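Accompanying notes for the structure given below.
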Amino acid sequence: MDNTPVPPSPAHPVDVVVVGAGLSGLYQLHRLRELGLTTLVFEAGEDIGGTWYWNRYPGARCDVESMSYSYSFSPELDQEWEWSERYASQPEILRYIHHVADRFDLRRDVTLRTRVTRAVYDEAGHVWQISTDTGRTVTARFIVLASGCMSMPKDPGIPGADSFTGAIFHTAGWPREDVSFAGKRVAVIGTGCSGVQAIPVIAEEAASLTVFQRTPAYALPAHNRPLRGTEIAELKARYPEFRQAQRLSRGGTVFDPPTGSALEADEAERTAAYEAAWESGLLSGLLRTYTDILTDEKANETVAEFVRSKIRSIVTDPATAELLLPRTFPFATKRPCLDTGYYATYNRPHVTLVDLRTTPIETITPRGIRTSDWEHGFDAIVFATGFDALTGSQLAIDIVGKGGATLRDKWADGPQNYLGLVSAGFPNLFTVLGPLSPSVLTNIAVSLEQQVEWITDCIAHLRRNGLTEIDAVSGAEADWGVRVAEIAARTLYPAAESWYRGANVPGKAHMFLAYAGGLDRYREECDAVARSGYTGFALSTASSS
Ligand code: NAP
């Protein structure tokens with residue numbers, strides 16, 4: 001099937017260019033089509049799917065339950081799609097995305113294998129001139145960056161990788177063809193959520209697996225299992241109410257919020273609550289036990305110690321267990337990982353843990369990895385080293401706004417925008433799941449719908465009123481930045497050197513990059529701004545219109 005749309009030219013501009021054909025971009029396309037707008041989606045990958053296209057590493061699986069981590073906009077879609085597992089695997093989520101694209105006929109407006117490289121704002125015409133790596137140029141009134149919050153793989157910065165004679169993989173750019181580790185000596189560098197999911201599965205196949213760990217993670221058991229027909233039917237019967245509850249929730253998942261402090265509960269009561277949370281298989285299970293886990297160091301330490309006790313009870317070699325204990329940051333101030341068999345994998349005789357805190361990597365060599373004390377020989381190296389999160393995919397595009405200012409310069413000391421949606425001086429350019437919005441702290445399936453719907457309503461408002469430009473007002477933007485920082489400062493998040501704070505990328509400004517006030521509050525703020533006629537934004541009409 002040739003899904004390449006007729007190329008628009010500057011003489012035949014489109015209304016909107018959407019960057020990225022993942023969950024956000026496809027939904028944005030669907031919504032804009034309903035407004036009757038011409039929309040073009042550019043996707044760098046060879047197929048649609050975004051995160052779920054690129055992250056096809058062994059064991060890749062969502063850490064939000066499948067019946068919650070899916071679009072809510074179509075009751076019919078909710079009823080007809082059947083998830084097979086409690087936590088969907090990457091292939092199943094990709095099948096779902098393909099199903100949605102086909103069902104809503106989305107592919108015909110998606111141009112694949114095309115990366116947006118540059119966007120320059122035309123201040124007189126209130127349009128963007130957009131260039132791609134295939135030489136296409138397009139003029140569009142609006143741009144929506146649906147380019148992903150975790151989509152720009154981080155350069156691990158380890159010298160010598162080019163000299164390695166074996167195979168090198170990155171979890172965030174896994175090949176589409178089958179990869180076999182059978183009979184191979186494999187290294188995994190990195191023990192964040194990607195590494196934690198991949199390690200047990202690679203260990204199943206590899207002749208030997210060596211894990212290079214710099215910072216131990218808090219990994220919680222998923223207790224994944226096939227979904228029962230009865231539970232699917234039960235949820236489907238009340239899907240409309242469930243979806244509404246998700247929308248109104250703090251994080252995009254539905255649960256009864258805790259009421260008490262961890263420090264007021266006695267130890268037996270607390271341990272029982274933590275045991276139940278551990279057994280629940282929910283990523284946020286432990287966070288849901290008490291109100292102060294993320295705000296009080298002592299309360300947090302009770303959970304952290306509980307997880308450590310679990311690690312000690314699973315890992316049979318006490319020295320290995322000790323190395324796996326997370327001690328350098330409070331629980332959940334880096335995103336916890338959801339795993340199947342992660343800690344138990346270290347009990348297998350062919351799996352070795354290398355502690356990079358005592359023996360750092362010096363270089364990759366033609367034969368393997370040299371740490372400060374040893375050269376380890378490998379046939380394959382897997383980088384599970386993470387992303388330039390939240391800002392990476394936007395700053396990869398050379399974005400030139402009013403007065404020739406670039407977004408890269410403006411954001412050199414950290415991102416600035418209003419409501420996480422529009423950055424002053426870069427009008428008509430919206431971001432989905434970008435910095436200073438709830439994005440990564442929530443179930444993104446719910447967050448992206450909220451932002452896409454807000455953006456769609458905003459564009460509809462502009463058109464209804466003959467307006468051609470929306471820009472953030474600098475004062476409103478500055479206030480938003482202060483508010484996002486103040487909310488984060490009331491939590492323990494700043495205590496971790498995490499990608500939430502840009503700390504994993506050398507040279508990146510350190511600031512808390514997400515709105516931690518909850519999706520419910522964020523939605524209220526966004527809706528109030530829209531109801532008020534877009535307070536904090538400047539709306540105008542091009543003189544040529
Ligand atoms: P990550 O959380 O940033 O973890 C990267 C790991 O690589 C860390 O252990 C890091 O150590 C290590 N590392 C980075 N550079 C290194 C170097 N040069 N030498 C040695 N170690 C190095 O990245 P991720 O695991 O890809 O996960 C990122 C996020 O994606 C997650 O937090 C989550 O939000 C999302 N994700 C979700 C799922 C899911 O839904 N199931 C799965 C995977 C990922 P340090 O900590 O010491 O820097």
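Ligands are numbered from 1 in the order shown, residues from 1 within each chain, and chains are lettered A, B, ... in the order they appear in the structure tokens.
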Original post:
DSSP on the backbone: what in region 13-256 of chain A comes out alpha helix (DSSP H), as a PyMOL selection string?
Top reply: chain A and resi 23-34+51-54+75-80+90-103+193-205+229-237+239-248
Subject >> Contacts of region 379-396 of chain A within 9 Å, only C-alpha atoms, excl. fewer than 5 positions in-chain, as a PyMOL selection string >> reply: chain A and resi 117-118+145+147-156+164-172+181+184-196+198+367-369+407-408+411+414-415+431+433-436+439-440+499-500+502+504-505+508+513-514
Produce a table with one row for each residue of region 206-299 of chain A that has an atom at most 12 Å from any atom of region 69-93 of chain A, each row naming the nearest atom pair and its distance in Å at one decimal; use only C-alpha atoms; arrange rows by chain and rising residue number; format as JSON lines.
{"residue": "A:Pro221", "atom": "CA", "partner": "A:Tyr87", "partner_atom": "CA", "distance": 11.7}
{"residue": "A:Ala222", "atom": "CA", "partner": "A:Tyr87", "partner_atom": "CA", "distance": 7.9}
{"residue": "A:His223", "atom": "CA", "partner": "A:Arg86", "partner_atom": "CA", "distance": 8.6}
{"residue": "A:Asn224", "atom": "CA", "partner": "A:Arg86", "partner_atom": "CA", "distance": 5.7}
{"residue": "A:Arg225", "atom": "CA", "partner": "A:Glu85", "partner_atom": "CA", "distance": 5.7}
{"residue": "A:Pro226", "atom": "CA", "partner": "A:Glu85", "partner_atom": "CA", "distance": 4.2}
{"residue": "A:Leu227", "atom": "CA", "partner": "A:Glu85", "partner_atom": "CA", "distance": 4.9}
{"residue": "A:Arg228", "atom": "CA", "partner": "A:Ser84", "partner_atom": "CA", "distance": 8.3}
{"residue": "A:Gly229", "atom": "CA", "partner": "A:Ser84", "partner_atom": "CA", "distance": 9.2}
{"residue": "A:Glu231", "atom": "CA", "partner": "A:Arg86", "partner_atom": "CA", "distance": 10.2}
{"residue": "A:Ile232", "atom": "CA", "partner": "A:Glu82", "partner_atom": "CA", "distance": 7.8}
{"residue": "A:Ala233", "atom": "CA", "partner": "A:Gln79", "partner_atom": "CA", "distance": 9.2}
{"residue": "A:Glu234", "atom": "CA", "partner": "A:Gln79", "partner_atom": "CA", "distance": 11.4}
{"residue": "A:Leu235", "atom": "CA", "partner": "A:Gln79", "partner_atom": "CA", "distance": 9.8}
{"residue": "A:Lys236", "atom": "CA", "partner": "A:Gln79", "partner_atom": "CA", "distance": 6.3}
{"residue": "A:Ala237", "atom": "CA", "partner": "A:Gln79", "partner_atom": "CA", "distance": 8.7}
{"residue": "A:Arg238", "atom": "CA", "partner": "A:Gln79", "partner_atom": "CA", "distance": 10.4}
{"residue": "A:Tyr239", "atom": "CA", "partner": "A:Asp78", "partner_atom": "CA", "distance": 7.4}
{"residue": "A:Pro240", "atom": "CA", "partner": "A:Pro75", "partner_atom": "CA", "distance": 7.1}
{"residue": "A:Glu241", "atom": "CA", "partner": "A:Ser72", "partner_atom": "CA", "distance": 10.8}
{"residue": "A:Phe242", "atom": "CA", "partner": "A:Ser72", "partner_atom": "CA", "distance": 9.5}
{"residue": "A:Arg243", "atom": "CA", "partner": "A:Ser72", "partner_atom": "CA", "distance": 6.2}
{"residue": "A:Gln244", "atom": "CA", "partner": "A:Ser72", "partner_atom": "CA", "distance": 8.8}
{"residue": "A:Ala245", "atom": "CA", "partner": "A:Ser72", "partner_atom": "CA", "distance": 11.1}
{"residue": "A:Gln246", "atom": "CA", "partner": "A:Ser72", "partner_atom": "CA", "distance": 9.3}
{"residue": "A:Arg247", "atom": "CA", "partner": "A:Ser72", "partner_atom": "CA", "distance": 9.1}
{"residue": "A:Gly251", "atom": "CA", "partner": "A:Tyr69", "partner_atom": "CA", "distance": 11.8}
{"residue": "A:Gly252", "atom": "CA", "partner": "A:Tyr69", "partner_atom": "CA", "distance": 8.9}
{"residue": "A:Thr253", "atom": "CA", "partner": "A:Tyr69", "partner_atom": "CA", "distance": 8.8}
{"residue": "A:Val254", "atom": "CA", "partner": "A:Tyr69", "partner_atom": "CA", "distance": 11.6}
{"residue": "A:Ser280", "atom": "CA", "partner": "A:Arg86", "partner_atom": "CA", "distance": 11.8}
{"residue": "A:Gly281", "atom": "CA", "partner": "A:Arg86", "partner_atom": "CA", "distance": 9.8}
{"residue": "A:Leu282", "atom": "CA", "partner": "A:Tyr87", "partner_atom": "CA", "distance": 10.0}
{"residue": "A:Leu283", "atom": "CA", "partner": "A:Tyr87", "partner_atom": "CA", "distance": 11.0}
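Between Trp278 (chain A) and the candidates A:Ile202, A:Ala219, A:Leu112, A:Leu324, the tightest atom-to-atom separation, counting only C-alpha atoms, involves A:Ala219.
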Original post:
With only C-alpha atoms as the basis for distance, which of A:Thr535, A:Thr111, A:Tyr218, A:Ala203 is at the shortest distance from Leu338 (chain A)?
Top reply: A:Tyr218
Give me the residues within 8 Å of region 350-364 of chain A as a PDB file with C-alpha atoms, in the first residue's frame, counting only C-alpha atoms and dropping any in the same chain fewer than 2 places off.
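Just written: out_0.pdb:
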ATOM      1  CA  ILE A 158      31.207   5.169  26.551  1.00  0.00           C
ATOM      2  CA  PRO A 159      34.331   5.340  24.401  1.00  0.00           C
ATOM      3  CA  GLY A 160      35.326   2.581  22.033  1.00  0.00           C
ATOM      4  CA  ALA A 161      31.867   1.378  20.959  1.00  0.00           C
ATOM      5  CA  SER A 163      35.736  -0.718  17.803  1.00  0.00           C
ATOM      6  CA  PHE A 164      33.587  -3.566  19.161  1.00  0.00           C
ATOM      7  CA  ALA A 203      19.062 -14.489  30.340  1.00  0.00           C
ATOM      8  CA  ALA A 207      24.955 -18.565  27.108  1.00  0.00           C
ATOM      9  CA  SER A 208      26.020 -15.985  29.664  1.00  0.00           C
ATOM     10  CA  LEU A 209      24.696 -12.586  30.701  1.00  0.00           C
ATOM     11  CA  THR A 210      26.693  -9.892  32.455  1.00  0.00           C
ATOM     12  CA  VAL A 211      24.772  -6.900  33.793  1.00  0.00           C
ATOM     13  CA  PHE A 212      26.684  -3.642  34.238  1.00  0.00           C
ATOM     14  CA  GLN A 213      24.910  -1.682  36.957  1.00  0.00           C
ATOM     15  CA  ARG A 214      25.700   1.877  37.979  1.00  0.00           C
ATOM     16  CA  THR A 215      22.634   2.657  40.096  1.00  0.00           C
ATOM     17  CA  THR A 320      24.921  -9.805  44.930  1.00  0.00           C
ATOM     18  CA  LEU A 323      24.827  -4.659  45.291  1.00  0.00           C
ATOM     19  CA  THR A 345      17.538 -13.796  37.407  1.00  0.00           C
ATOM     20  CA  TYR A 346      20.649 -13.086  39.491  1.00  0.00           C
ATOM     21  CA  ASN A 347      20.283 -16.526  41.073  1.00  0.00           C
ATOM     22  CA  ARG A 348      21.006 -18.171  37.718  1.00  0.00           C
ATOM     23  CA  PRO A 366      37.091  -4.901  20.087  1.00  0.00           C
ATOM     24  CA  ARG A 367      36.466  -7.957  22.307  1.00  0.00           C
ATOM     25  CA  GLY A 368      34.183  -6.579  24.960  1.00  0.00           C
ATOM     26  CA  ILE A 369      34.077  -4.141  27.872  1.00  0.00           C
ATOM     27  CA  ARG A 370      37.041  -3.079  29.965  1.00  0.00           C
ATOM     28  CA  THR A 371      36.274  -1.999  33.489  1.00  0.00           C
ATOM     29  CA  SER A 372      38.864  -0.628  35.894  1.00  0.00           C
ATOM     30  CA  ASP A 373      39.813  -4.174  36.957  1.00  0.00           C
TER      31      ASP A 373
END
Subject >> Counting only C-alpha atoms, the option among A:Thr114, A:Pro326, A:Ala489, A:Ala273 closest to Ile130 (chain A) >> reply: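 Looking only at the distances to Ile130 (chain A), the closest residue turns out to be A:Thr114.
Going from CA of Glu43 (chain A) to CA of Trp128 (chain A) covers 17.8 Å.
Nearest residue to Asp266 (chain A), choosing from A:Ala299, A:Cys458, A:Val482, A:Ala495 and counting only C-alpha atoms: A:Ala299.
Of the listed residues (A:Ala124, A:Val16, A:Ala332, A:Ala119), A:Ala332 comes nearest to ligand 1; the distances count only C-alpha atoms and all ligand atoms.
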Subject >> Filtered DSSP result for region 144-381 of chain A, state strand (DSSP E or B), as a PyMOL selection string >> reply: chain A and resi 144-145+153+167-170+182+185-189+206+208-213+219-221+226+337-339+351-355+361-364+368-371+374-377+380-381
Original post:
Between A:Ile97, A:Leu467, A:Ala488, A:Ala530, which has the minimum distance to His126 (chain A) (counting only C-alpha atoms)?
Top reply: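 Looking only at the distances to His126 (chain A), the closest residue turns out to be A:Leu467.
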Subject >> Between CA of Gly420 (chain A) and CA of Arg31 (chain A), distance in Å (one decimal) >> reply: 19.7 Å
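In this model, the gap between CA of Ser437 (chain A) and CA of Tyr522 (chain A) comes to 7.9 Å.
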Original post:
If we count only C-alpha atoms, what is near Gly404 (chain A) at a cut-off of 12 Å, once residues fewer than 6 positions away on the same chain are taken out, given as number ranges by chain?
Top reply: A: 119-123, 398, 410, 425-426
